[in-house]
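Enquirer: Just my_file_18.pdb, nothing more (PDB, C-alpha atoms and all ligand atoms):
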ATOM      1  CA  MET T   6      25.256  68.152  39.472
ATOM      2  CA  THR T   7      25.791  71.925  39.792
ATOM      3  CA  GLN T   8      28.895  73.398  41.285
ATOM      4  CA  ILE T   9      28.245  75.870  44.083
ATOM      5  CA  SER T  10      30.568  78.839  44.227
ATOM      6  CA  VAL T  11      31.156  81.290  47.030
ATOM      7  CA  PRO T  12      30.689  84.775  45.582
ATOM      8  CA  GLY T  13      32.901  87.725  46.411
ATOM      9  CA  PRO T  14      36.122  87.766  48.442
ATOM     10  CA  ILE T  15      37.326  84.645  50.181
ATOM     11  CA  ASN T  16      36.423  84.990  53.826
ATOM     12  CA  LYS T  17      37.090  82.637  56.650
ATOM     13  CA  LEU T  18      33.849  80.894  57.616
ATOM     14  CA  GLY T  19      32.302  80.002  60.955
ATOM     15  CA  LEU T  20      31.376  76.426  61.848
ATOM     16  CA  LYS T  21      27.651  77.123  61.275
ATOM     17  CA  GLU T  22      28.282  78.401  57.740
ATOM     18  CA  ILE T  23      30.584  75.490  57.015
ATOM     19  CA  GLU T  24      28.030  72.980  58.226
ATOM     20  CA  SER T  25      25.153  74.453  56.235
ATOM     21  CA  GLN T  26      27.258  74.434  53.069
ATOM     22  CA  LEU T  27      28.396  70.902  53.843
ATOM     23  CA  ALA T  28      24.766  69.796  54.005
ATOM     24  CA  LEU T  29      24.526  70.529  50.267
ATOM     25  CA  CYS T  30      27.400  68.226  49.390
ATOM     26  CA  PRO T  31      25.828  65.078  47.947
ATOM     27  CA  SER T  32      26.207  61.775  49.679
ATOM     28  CA  LEU T  33      28.257  59.145  47.959
ATOM     29  CA  PRO T  34      26.260  55.989  47.324
ATOM     30  CA  SER T  35      29.402  53.883  47.259
ATOM     31  CA  LEU T  36      30.342  54.986  50.780
ATOM     32  CA  GLY T  37      26.900  54.055  52.030
ATOM     33  CA  SER T  38      27.268  50.564  50.665
ATOM     34  CA  ILE T  39      30.755  49.963  52.019
ATOM     35  CA  ASN T  40      29.550  47.835  54.896
ATOM     36  CA  LYS T  41      27.430  45.670  52.631
ATOM     37  CA  ALA T  42      30.239  45.281  50.145
ATOM     38  CA  LEU T  43      32.649  44.368  52.923
ATOM     39  CA  GLN T  44      30.447  41.607  54.200
ATOM     40  CA  GLY T  45      29.607  40.301  50.766
ATOM     41  CA  LEU T  46      33.226  40.086  49.748
ATOM     42  CA  LEU T  47      34.639  38.928  53.037
ATOM     43  CA  HIS T  48      34.167  35.301  52.217
ATOM     44  CA  ALA T  49      35.237  35.617  48.610
ATOM     45  CA  GLU T  50      38.328  33.607  49.413
ATOM     46  CA  GLN T  51      36.200  30.527  49.717
ATOM     47  CA  ARG T  52      34.581  31.042  46.354
ATOM     48  CA  PHE T  53      35.919  29.606  43.156
ATOM     49  CA  SER T  54      37.704  32.066  40.952
ATOM     50  CA  ALA T  55      35.189  31.280  38.195
ATOM     51  CA  GLN T  56      32.428  32.744  40.333
ATOM     52  CA  ILE T  57      34.522  35.808  41.132
ATOM     53  CA  SER T  58      35.230  36.279  37.427
ATOM     54  CA  GLU T  59      31.510  36.191  36.749
ATOM     55  CA  ILE T  60      30.858  38.970  39.270
ATOM     56  CA  ILE T  61      33.611  41.134  37.789
ATOM     57  CA  ARG T  62      32.492  40.575  34.222
ATOM     58  CA  ARG T  63      29.174  42.274  34.969
ATOM     59  CA  ASP T  64      31.000  45.522  35.704
ATOM     60  CA  PRO T  65      32.806  46.916  32.645
ATOM     61  CA  SER T  66      34.733  49.630  34.453
ATOM     62  CA  LEU T  67      35.972  47.139  37.007
ATOM     63  CA  THR T  68      36.975  44.778  34.214
ATOM     64  CA  SER T  69      39.075  47.389  32.463
ATOM     65  CA  ARG T  70      40.721  48.553  35.685
ATOM     66  CA  LEU T  71      41.537  45.006  36.596
ATOM     67  CA  LEU T  72      43.138  44.217  33.264
ATOM     68  CA  ARG T  73      45.132  47.447  33.347
ATOM     69  CA  LEU T  74      46.327  46.600  36.823
ATOM     70  CA  VAL T  75      47.425  43.075  36.078
ATOM     71  CA  ASN T  76      49.231  44.155  32.925
ATOM     72  CA  SER T  77      51.103  46.904  34.727
ATOM     73  CA  VAL T  78      52.056  44.836  37.756
ATOM     74  CA  TYR T  79      53.204  41.954  35.591
ATOM     75  CA  TYR T  80      54.595  44.097  32.807
ATOM     76  CA  GLY T  81      57.212  41.445  32.089
ATOM     77  CA  LEU T  82      54.642  39.053  30.643
ATOM     78  CA  THR T  83      55.309  38.274  26.998
ATOM     79  CA  THR T  84      51.618  38.278  26.106
ATOM     80  CA  PRO T  85      49.322  40.759  27.814
ATOM     81  CA  VAL T  86      46.557  39.419  30.032
ATOM     82  CA  ASN T  87      43.202  39.796  28.314
ATOM     83  CA  SER T  88      40.873  37.628  30.302
ATOM     84  CA  ILE T  89      39.386  38.017  33.755
ATOM     85  CA  GLU T  90      40.250  34.426  34.687
ATOM     86  CA  GLU T  91      43.912  35.085  34.012
ATOM     87  CA  ALA T  92      43.784  38.359  35.948
ATOM     88  CA  VAL T  93      42.271  36.574  38.941
ATOM     89  CA  PHE T  94      44.993  33.983  38.695
ATOM     90  CA  TYR T  95      47.794  36.554  38.694
ATOM     91  CA  LEU T  96      46.466  39.063  41.195
ATOM     92  CA  GLY T  97      44.916  36.744  43.734
ATOM     93  CA  VAL T  98      41.604  37.083  45.430
ATOM     94  CA  ARG T  99      42.705  39.604  48.058
ATOM     95  CA  GLN T 100      43.813  42.262  45.623
ATOM     96  CA  ILE T 101      40.713  41.754  43.530
ATOM     97  CA  ARG T 102      38.501  42.108  46.548
ATOM     98  CA  GLN T 103      40.171  45.416  47.370
ATOM     99  CA  LEU T 104      39.839  46.614  43.801
ATOM    100  CA  THR T 105      36.155  45.706  43.711
ATOM    101  CA  MET T 106      35.674  47.863  46.737
ATOM    102  CA  VAL T 107      37.615  50.933  45.692
ATOM    103  CA  THR T 108      36.335  51.205  42.111
ATOM    104  CA  PRO T 109      32.836  52.526  42.927
ATOM    105  CA  ILE T 110      34.205  54.839  45.619
ATOM    106  CA  ILE T 111      36.694  56.406  43.234
ATOM    107  CA  GLU T 112      34.120  56.775  40.494
ATOM    108  CA  ASP T 113      31.740  58.524  42.856
ATOM    109  CA  PHE T 114      34.469  60.846  44.062
ATOM    110  CA  GLN T 115      35.553  61.641  40.540
ATOM    111  CA  ARG T 116      32.059  62.922  39.777
ATOM    112  CA  LEU T 117      32.443  65.410  42.610
ATOM    113  CA  THR T 118      35.839  66.690  41.604
ATOM    114  CA  ARG T 119      35.682  67.054  37.839
ATOM    115  CA  GLN T 120      35.545  70.827  37.806
ATOM    116  CA  CYS T 121      38.402  71.654  40.145
ATOM    117  CA  ASN T 122      41.940  72.562  39.259
ATOM    118  CA  PHE T 123      43.879  70.065  41.343
ATOM    119  CA  PRO T 124      46.099  67.055  40.486
ATOM    120  CA  TRP T 125      43.249  64.597  41.085
ATOM    121  CA  ARG T 126      44.864  61.622  39.393
ATOM    122  CA  GLU T 127      47.895  61.909  41.684
ATOM    123  CA  PHE T 128      45.528  62.431  44.591
ATOM    124  CA  TRP T 129      43.890  59.055  43.803
ATOM    125  CA  GLN T 130      47.289  57.484  43.761
ATOM    126  CA  HIS T 131      47.902  59.000  47.189
ATOM    127  CA  SER T 132      44.559  57.701  48.517
ATOM    128  CA  ILE T 133      44.869  54.187  47.095
ATOM    129  CA  GLY T 134      48.554  54.034  48.000
ATOM    130  CA  THR T 135      47.676  54.952  51.585
ATOM    131  CA  ALA T 136      44.996  52.237  51.581
ATOM    132  CA  ILE T 137      47.395  49.560  50.371
ATOM    133  CA  LEU T 138      50.177  50.632  52.703
ATOM    134  CA  THR T 139      47.864  50.984  55.730
ATOM    135  CA  ARG T 140      47.136  47.299  55.359
ATOM    136  CA  GLU T 141      50.872  46.558  55.238
ATOM    137  CA  VAL T 142      51.609  48.727  58.291
ATOM    138  CA  ILE T 143      48.886  47.218  60.455
ATOM    139  CA  SER T 144      49.932  43.720  59.386
ATOM    140  CA  THR T 145      53.257  44.301  61.142
ATOM    141  CA  VAL T 146      51.490  44.349  64.533
ATOM    142  CA  GLN T 147      48.275  42.371  64.116
ATOM    143  CA  ALA T 148      46.595  39.958  61.753
ATOM    144  CA  PRO T 149      44.013  42.032  59.884
ATOM    145  CA  ASN T 150      40.677  40.239  59.887
ATOM    146  CA  ASP T 151      38.592  42.367  57.561
ATOM    147  CA  GLU T 152      39.046  45.140  55.006
ATOM    148  CA  THR T 153      38.069  48.086  57.152
ATOM    149  CA  ASP T 154      41.657  49.275  57.575
ATOM    150  CA  TYR T 155      41.954  49.416  53.791
ATOM    151  CA  VAL T 156      38.838  51.584  53.491
ATOM    152  CA  ALA T 157      40.079  53.798  56.337
ATOM    153  CA  GLY T 158      43.270  54.451  54.364
ATOM    154  CA  LEU T 159      41.295  55.128  51.225
ATOM    155  CA  VAL T 160      39.009  57.780  52.715
ATOM    156  CA  HIS T 161      41.392  59.431  55.205
ATOM    157  CA  ASP T 162      41.645  62.597  53.065
ATOM    158  CA  VAL T 163      37.966  62.684  52.004
ATOM    159  CA  GLY T 164      37.828  66.184  53.511
ATOM    160  CA  LYS T 165      39.842  67.507  50.554
ATOM    161  CA  ILE T 166      37.272  66.217  48.066
ATOM    162  CA  VAL T 167      34.411  67.614  50.115
ATOM    163  CA  MET T 168      36.236  70.946  50.400
ATOM    164  CA  ALA T 169      36.751  71.120  46.639
ATOM    165  CA  TRP T 170      33.040  70.549  46.073
ATOM    166  CA  SER T 171      31.540  72.648  48.848
ATOM    167  CA  PHE T 172      34.051  75.514  48.988
ATOM    168  CA  PRO T 173      35.640  75.674  45.536
ATOM    169  CA  ASP T 174      36.967  79.241  45.867
ATOM    170  CA  HIS T 175      38.499  78.583  49.258
ATOM    171  CA  PHE T 176      39.913  75.314  47.974
ATOM    172  CA  ALA T 177      41.509  77.002  44.943
ATOM    173  CA  GLU T 178      43.139  79.660  47.121
ATOM    174  CA  ILE T 179      44.361  77.027  49.596
ATOM    175  CA  HIS T 180      45.861  75.006  46.757
ATOM    176  CA  ARG T 181      47.546  78.112  45.345
ATOM    177  CA  GLN T 182      49.236  78.826  48.679
ATOM    178  CA  ALA T 183      50.021  75.172  49.428
ATOM    179  CA  LEU T 184      51.914  74.883  46.123
ATOM    180  CA  GLN T 185      54.668  77.079  47.564
ATOM    181  CA  GLY T 186      55.495  74.178  49.862
ATOM    182  CA  THR T 187      56.422  76.322  52.833
ATOM    183  CA  GLU T 188      53.423  76.032  55.127
ATOM    184  CA  ASP T 189      51.601  72.940  56.320
ATOM    185  CA  LEU T 190      48.328  72.291  54.469
ATOM    186  CA  ALA T 191      46.148  71.937  57.567
ATOM    187  CA  LYS T 192      47.396  75.301  58.809
ATOM    188  CA  ILE T 193      46.641  77.022  55.496
ATOM    189  CA  GLU T 194      43.174  75.435  55.430
ATOM    190  CA  THR T 195      42.380  76.638  58.928
ATOM    191  CA  GLU T 196      43.604  80.145  58.100
ATOM    192  CA  ILE T 197      41.621  80.426  54.868
ATOM    193  CA  LEU T 198      38.498  78.341  55.426
ATOM    194  CA  GLY T 199      38.336  78.146  59.207
ATOM    195  CA  LEU T 200      38.616  74.340  59.360
ATOM    196  CA  ASP T 201      41.110  71.771  58.070
ATOM    197  CA  HIS T 202      40.397  68.787  55.781
ATOM    198  CA  ALA T 203      40.639  66.320  58.681
ATOM    199  CA  GLU T 204      37.768  67.906  60.616
ATOM    200  CA  LEU T 205      35.747  68.669  57.480
ATOM    201  CA  GLY T 206      36.047  65.046  56.318
ATOM    202  CA  ALA T 207      34.979  63.797  59.750
ATOM    203  CA  LEU T 208      31.933  66.104  59.780
ATOM    204  CA  TYR T 209      30.981  64.872  56.317
ATOM    205  CA  LEU T 210      31.312  61.179  57.163
ATOM    206  CA  GLU T 211      29.405  61.734  60.415
ATOM    207  CA  ARG T 212      26.605  63.480  58.579
ATOM    208  CA  HIS T 213      26.298  60.502  56.246
ATOM    209  CA  ARG T 214      26.357  58.044  59.141
ATOM    210  CA  LEU T 215      29.487  56.217  58.113
ATOM    211  CA  PRO T 216      31.060  53.910  60.703
ATOM    212  CA  GLU T 217      32.714  55.614  63.663
ATOM    213  CA  MET T 218      36.050  54.084  62.734
ATOM    214  CA  LEU T 219      36.084  55.975  59.413
ATOM    215  CA  VAL T 220      34.976  59.213  61.083
ATOM    216  CA  LYS T 221      37.752  58.960  63.657
ATOM    217  CA  THR T 222      40.314  58.082  61.006
ATOM    218  CA  ALA T 223      39.458  61.211  59.038
ATOM    219  CA  ARG T 224      39.518  63.363  62.175
ATOM    220  CA  PHE T 225      42.726  62.062  63.767
ATOM    221  CA  HIS T 226      44.872  60.841  60.883
ATOM    222  CA  HIS T 227      47.473  63.516  61.591
ATOM    223  CA  HIS T 228      47.367  62.861  65.364
ATOM    224  CA  PRO T 229      46.476  59.204  66.010
ATOM    225  CA  GLU T 230      47.562  59.489  69.643
ATOM    226  CA  LYS T 231      44.609  61.809  70.276
ATOM    227  CA  ALA T 232      41.982  59.275  69.185
ATOM    228  CA  ASP T 233      40.104  57.533  71.991
ATOM    229  CA  ARG T 234      39.397  54.414  69.867
ATOM    230  CA  TYR T 235      40.808  52.628  66.798
ATOM    231  CA  GLN T 236      44.276  53.960  67.516
ATOM    232  CA  GLN T 237      46.107  51.152  65.709
ATOM    233  CA  VAL T 238      44.248  51.627  62.431
ATOM    234  CA  ILE T 239      44.576  55.397  62.597
ATOM    235  CA  ALA T 240      48.273  55.159  63.464
ATOM    236  CA  SER T 241      48.759  52.851  60.467
ATOM    237  CA  VAL T 242      47.067  55.403  58.219
ATOM    238  CA  GLN T 243      49.313  58.183  59.568
ATOM    239  CA  VAL T 244      52.487  56.168  58.992
ATOM    240  CA  ALA T 245      51.361  55.070  55.506
ATOM    241  CA  ASP T 246      50.441  58.649  54.590
ATOM    242  CA  LEU T 247      53.843  60.004  55.684
ATOM    243  CA  LEU T 248      55.785  57.213  53.964
ATOM    244  CA  LEU T 249      54.049  57.921  50.668
ATOM    245  CA  ARG T 250      54.648  61.635  50.989
ATOM    246  CA  SER T 251      58.315  61.173  51.851
ATOM    247  CA  GLU T 252      58.774  58.911  48.799
ATOM    248  CA  LYS T 253      56.798  61.382  46.654
ATOM    249  CA  ILE T 254      54.350  58.729  45.481
ATOM    250  CA  GLY T 255      51.154  60.392  44.230
ATOM    251  CA  CYS T 256      50.152  63.805  45.546
ATOM    252  CA  SER T 257      48.208  64.523  48.713
ATOM    253  CA  GLY T 258      47.950  68.250  48.035
ATOM    254  CA  ASN T 259      50.392  68.952  50.852
ATOM    255  CA  TYR T 260      53.591  70.146  49.222
ATOM    256  CA  VAL T 261      55.754  70.526  52.315
ATOM    257  CA  PRO T 262      58.450  67.856  51.911
ATOM    258  CA  VAL T 263      58.411  65.038  54.478
ATOM    259  CA  THR T 264      61.861  63.974  55.618
ATOM    260  CA  ARG T 265      62.888  60.456  56.608
ATOM    261  CA  GLU T 266      63.373  61.669  60.179
ATOM    262  CA  GLN T 267      59.795  62.954  60.296
ATOM    263  CA  CYS T 268      58.592  59.558  59.089
ATOM    264  CA  LEU T 269      60.598  57.772  61.746
ATOM    265  CA  SER T 270      59.423  60.040  64.548
ATOM    266  CA  ALA T 271      55.713  59.958  63.616
ATOM    267  CA  SER T 272      53.517  59.567  66.689
ATOM    268  CA  GLY T 273      51.864  56.529  65.067
ATOM    269  CA  TRP T 274      54.969  54.395  65.620
ATOM    270  CA  ALA T 275      54.636  54.796  69.393
ATOM    271  CA  VAL T 276      50.984  53.738  69.142
ATOM    272  CA  LEU T 277      51.891  50.661  67.106
ATOM    273  CA  PHE T 278      54.945  49.744  69.184
ATOM    274  CA  PRO T 279      54.156  51.137  72.645
ATOM    275  CA  ASN T 280      57.032  49.429  74.442
ATOM    276  CA  ALA T 281      59.757  50.892  72.223
ATOM    277  CA  GLN T 282      60.321  47.513  70.555
ATOM    278  CA  GLU T 283      63.243  48.675  68.436
ATOM    279  CA  ALA T 284      63.988  45.323  66.786
ATOM    280  CA  GLU T 285      60.337  44.766  65.799
ATOM    281  CA  GLN T 286      60.127  48.290  64.430
ATOM    282  CA  ALA T 287      63.240  47.767  62.323
ATOM    283  CA  ILE T 288      61.777  44.570  60.815
ATOM    284  CA  ALA T 289      58.499  46.339  60.112
ATOM    285  CA  ARG T 290      60.298  49.233  58.406
ATOM    286  CA  ALA T 291      62.322  46.929  56.203
ATOM    287  CA  SER T 292      59.235  45.110  54.952
ATOM    288  CA  LEU T 293      57.409  48.407  54.427
ATOM    289  CA  HIS T 294      60.306  49.662  52.385
ATOM    290  CA  ARG T 295      59.927  46.718  49.992
ATOM    291  CA  SER T 296      56.197  47.436  49.643
ATOM    292  CA  LEU T 297      56.962  51.085  48.910
ATOM    293  CA  GLU T 298      59.233  50.119  46.051
ATOM    294  CA  ARG T 299      56.479  48.096  44.361
ATOM    295  CA  LEU T 300      53.766  50.665  44.913
ATOM    296  CA  PRO T 301      54.333  53.115  42.002
ATOM    297  CA  SER T 302      53.842  50.430  39.340
ATOM    298  CA  VAL T 303      50.742  49.084  41.078
ATOM    299  CA  LEU T 304      49.246  52.584  41.259
ATOM    300  CA  GLU T 305      50.033  53.352  37.631
ATOM    301  CA  GLY T 306      47.748  50.496  36.666
ATOM    302  CA  LEU T 307      44.910  51.554  38.911
ATOM    303  CA  VAL T 308      44.185  55.196  38.153
TER     304      VAL T 308
HETATM  305 FE    FE T 401      45.523  64.512  55.558
HETATM  306 FE    FE T 402      46.929  61.961  53.077
END
Mind converting the file's structure to structure tokens?
Expert:
Amino acid sequence: MTQISVPGPINKLGLKEIESQLALCPSLPSLGSINKALQGLLHAEQRFSAQISEIIRRDPSLTSRLLRLVNSVYYGLTTPVNSIEEAVFYLGVRQIRQLTMVTPIIEDFQRLTRQCNFPWREFWQHSIGTAILTREVISTVQAPNDETDYVAGLVHDVGKIVMAWSFPDHFAEIHRQALQGTEDLAKIETEILGLDHAELGALYLERHRLPEMLVKTARFHHHPEKADRYQQVIASVQVADLLLRSEKIGCSGNYVPVTREQCLSASGWAVLFPNAQEAEQAIARASLHRSLERLPSVLEGLV
């Protein structure tokens, strides 16, 4: 895969130029198969763990990720976990199902980002952390019935990966300015490239015919109240994203610190709790806080 570079000075681009460059960004096979994977794994709960182990064993990278994860989450174990059966026992089917889904997506993305100077490992922690926490946030208001909210959390910032691949010079300059931590990332992106990562990610997912829910999540994850559909999922992604940034878990590439007050006043809360249900919100926040405390050790094991 060859990296395309923009020659000469870094100029702001028009939508036409952005779209024609975007057309060259390869599609990610794992994203295309998300729907299939979701359906295939949806009923995994009913399968015996022996069958699940068999599926995992066929995939060496998944096997090693899984063992790393279980050993880091349960670091107190006197003997490390070395077998898939044991890992399935400790982690439970749900976590394994999620891991099965994210592994190919991450590996695909990593192929796109190898050549860029950016804290990618921390970025994966941000993406996976948002995925895990999105599920926790949405669970406070509804019973999640599939894994789509998890995938929405995982790909919300896909625009940054696409930007790094399609506009490497712009991306490098944006990252250089963002590091100062004084100006919001989306604003810097719009000033330098002409478009922010939310819109770029949405255009990319649209081009590759990903489900509308993922497209809208990418587009509106900073402003869930503006979305005309899927508001609860998108609001959950926004809240998860801000919580991770305020706790400095992983790195989203946006270095402006997020305060606790900003987290509490995020527009997503009003979407999730439209009738100002203060008591329910307080309960939700307390349980999210516990999840946040566990998250760093889970993420260490994953990427
Ligand atoms: Fe974002
Ligand atoms: Fe993010």
Enquirer: Please identify all polymer residues within 10 Å of range 250-260 of chain T, counting all atoms listed in the file, omitting same-chain residues fewer than 3 positions from it, and present them as a PDB file with C-alpha atoms, keeping the file's coordinate frame.
Expert:
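Listed below is the output, selection.pdb:
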ATOM      1  CA  PHE T 123      43.879  70.065  41.343  1.00  0.00           C
ATOM      2  CA  PRO T 124      46.099  67.055  40.486  1.00  0.00           C
ATOM      3  CA  TRP T 125      43.249  64.597  41.085  1.00  0.00           C
ATOM      4  CA  ARG T 126      44.864  61.622  39.393  1.00  0.00           C
ATOM      5  CA  GLU T 127      47.895  61.909  41.684  1.00  0.00           C
ATOM      6  CA  PHE T 128      45.528  62.431  44.591  1.00  0.00           C
ATOM      7  CA  TRP T 129      43.890  59.055  43.803  1.00  0.00           C
ATOM      8  CA  GLN T 130      47.289  57.484  43.761  1.00  0.00           C
ATOM      9  CA  HIS T 131      47.902  59.000  47.189  1.00  0.00           C
ATOM     10  CA  SER T 132      44.559  57.701  48.517  1.00  0.00           C
ATOM     11  CA  ILE T 133      44.869  54.187  47.095  1.00  0.00           C
ATOM     12  CA  GLY T 134      48.554  54.034  48.000  1.00  0.00           C
ATOM     13  CA  THR T 135      47.676  54.952  51.585  1.00  0.00           C
ATOM     14  CA  ASP T 162      41.645  62.597  53.065  1.00  0.00           C
ATOM     15  CA  LYS T 165      39.842  67.507  50.554  1.00  0.00           C
ATOM     16  CA  ILE T 179      44.361  77.027  49.596  1.00  0.00           C
ATOM     17  CA  HIS T 180      45.861  75.006  46.757  1.00  0.00           C
ATOM     18  CA  GLN T 182      49.236  78.826  48.679  1.00  0.00           C
ATOM     19  CA  ALA T 183      50.021  75.172  49.428  1.00  0.00           C
ATOM     20  CA  LEU T 184      51.914  74.883  46.123  1.00  0.00           C
ATOM     21  CA  GLN T 185      54.668  77.079  47.564  1.00  0.00           C
ATOM     22  CA  GLY T 186      55.495  74.178  49.862  1.00  0.00           C
ATOM     23  CA  THR T 187      56.422  76.322  52.833  1.00  0.00           C
ATOM     24  CA  GLU T 188      53.423  76.032  55.127  1.00  0.00           C
ATOM     25  CA  ASP T 189      51.601  72.940  56.320  1.00  0.00           C
ATOM     26  CA  LEU T 190      48.328  72.291  54.469  1.00  0.00           C
ATOM     27  CA  ALA T 191      46.148  71.937  57.567  1.00  0.00           C
ATOM     28  CA  VAL T 244      52.487  56.168  58.992  1.00  0.00           C
ATOM     29  CA  ALA T 245      51.361  55.070  55.506  1.00  0.00           C
ATOM     30  CA  ASP T 246      50.441  58.649  54.590  1.00  0.00           C
ATOM     31  CA  LEU T 247      53.843  60.004  55.684  1.00  0.00           C
ATOM     32  CA  VAL T 263      58.411  65.038  54.478  1.00  0.00           C
ATOM     33  CA  THR T 264      61.861  63.974  55.618  1.00  0.00           C
ATOM     34  CA  ARG T 265      62.888  60.456  56.608  1.00  0.00           C
ATOM     35  CA  GLU T 266      63.373  61.669  60.179  1.00  0.00           C
ATOM     36  CA  GLN T 267      59.795  62.954  60.296  1.00  0.00           C
ATOM     37  CA  CYS T 268      58.592  59.558  59.089  1.00  0.00           C
ATOM     38  CA  LEU T 297      56.962  51.085  48.910  1.00  0.00           C
ATOM     39  CA  GLU T 298      59.233  50.119  46.051  1.00  0.00           C
ATOM     40  CA  LEU T 300      53.766  50.665  44.913  1.00  0.00           C
ATOM     41  CA  PRO T 301      54.333  53.115  42.002  1.00  0.00           C
ATOM     42  CA  LEU T 304      49.246  52.584  41.259  1.00  0.00           C
ATOM     43  CA  GLU T 305      50.033  53.352  37.631  1.00  0.00           C
TER      44      GLU T 305
END
Enquirer: Show me a table, sorted first by chain and then by increasing residue number, of the residues of range 118-208 of chain T having an atom at most 10 Å from range 222-231 of chain T, each with its shortest atom pair and the distance in Å to one decimal, counting all atoms listed in the file and written as a tab-separated table.
Expert:
residue	atom	partner	partner_atom	distance
T:Asp154	CA	T:Thr222	CA	9.5
T:Ala157	CA	T:Thr222	CA	6.3
T:Gly158	CA	T:Thr222	CA	8.1
T:Val160	CA	T:Ala223	CA	7.2
T:His161	CA	T:Ala223	CA	4.6
T:Asp162	CA	T:Ala223	CA	6.5
T:Val163	CA	T:Ala223	CA	7.3
T:Gly164	CA	T:Ala223	CA	7.6
T:Ala191	CA	T:His227	CA	9.4
T:Asp201	CA	T:Arg224	CA	9.5
T:His202	CA	T:Ala223	CA	8.3
T:Ala203	CA	T:Arg224	CA	4.7
T:Glu204	CA	T:Arg224	CA	5.1
T:Leu205	CA	T:Arg224	CA	8.0
T:Gly206	CA	T:Ala223	CA	5.8
T:Ala207	CA	T:Arg224	CA	5.2
T:Leu208	CA	T:Arg224	CA	8.4
Enquirer: Could you check how far CA of Gly97 in chain T sits from CA of Ser296 in chain T, in Å to one decimal?
Expert: 16.6 Å
Enquirer: Calculate how many Å separate CA of Glu283 in chain T from CA of Tyr235 in chain T, rounding to one decimal.
Expert: 22.8 Å
Enquirer: Please, what distance in Å, to one decimal, runs between CA of Gln286 in chain T and CA of Val303 in chain T?
Expert: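 Interatomic distance here is 25.2 Å.
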Enquirer: So, counting only C-alpha atoms and all ligand atoms, which residue among T:Leu293, T:Arg62, T:Phe94, T:Ile166 is closest to ligand FE 402 (chain T)?
Expert: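 Comparing T:Leu293, T:Arg62, T:Phe94, T:Ile166 against ligand FE 402 (chain T), the winner is T:Ile166.
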Enquirer: I'd like the neighbourhood of Glu22 in chain T as a ChimeraX atom specification, where a residue qualifies if any of its atoms comes within 12 Å (using all atoms listed in the file), though same-chain residues fewer than 6 positions away should be ignored.
Expert: /T:11,16,28-29,171-172,198-200
Enquirer: Nearest to ligand FE 401 (chain T) among T:Ala275, T:Leu159, T:Ala281, T:Val93, with distances taken over all atoms listed in the file: which residue is it?
Expert: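 The shortest atom-to-atom distance to ligand FE 401 (chain T) comes from T:Leu159.
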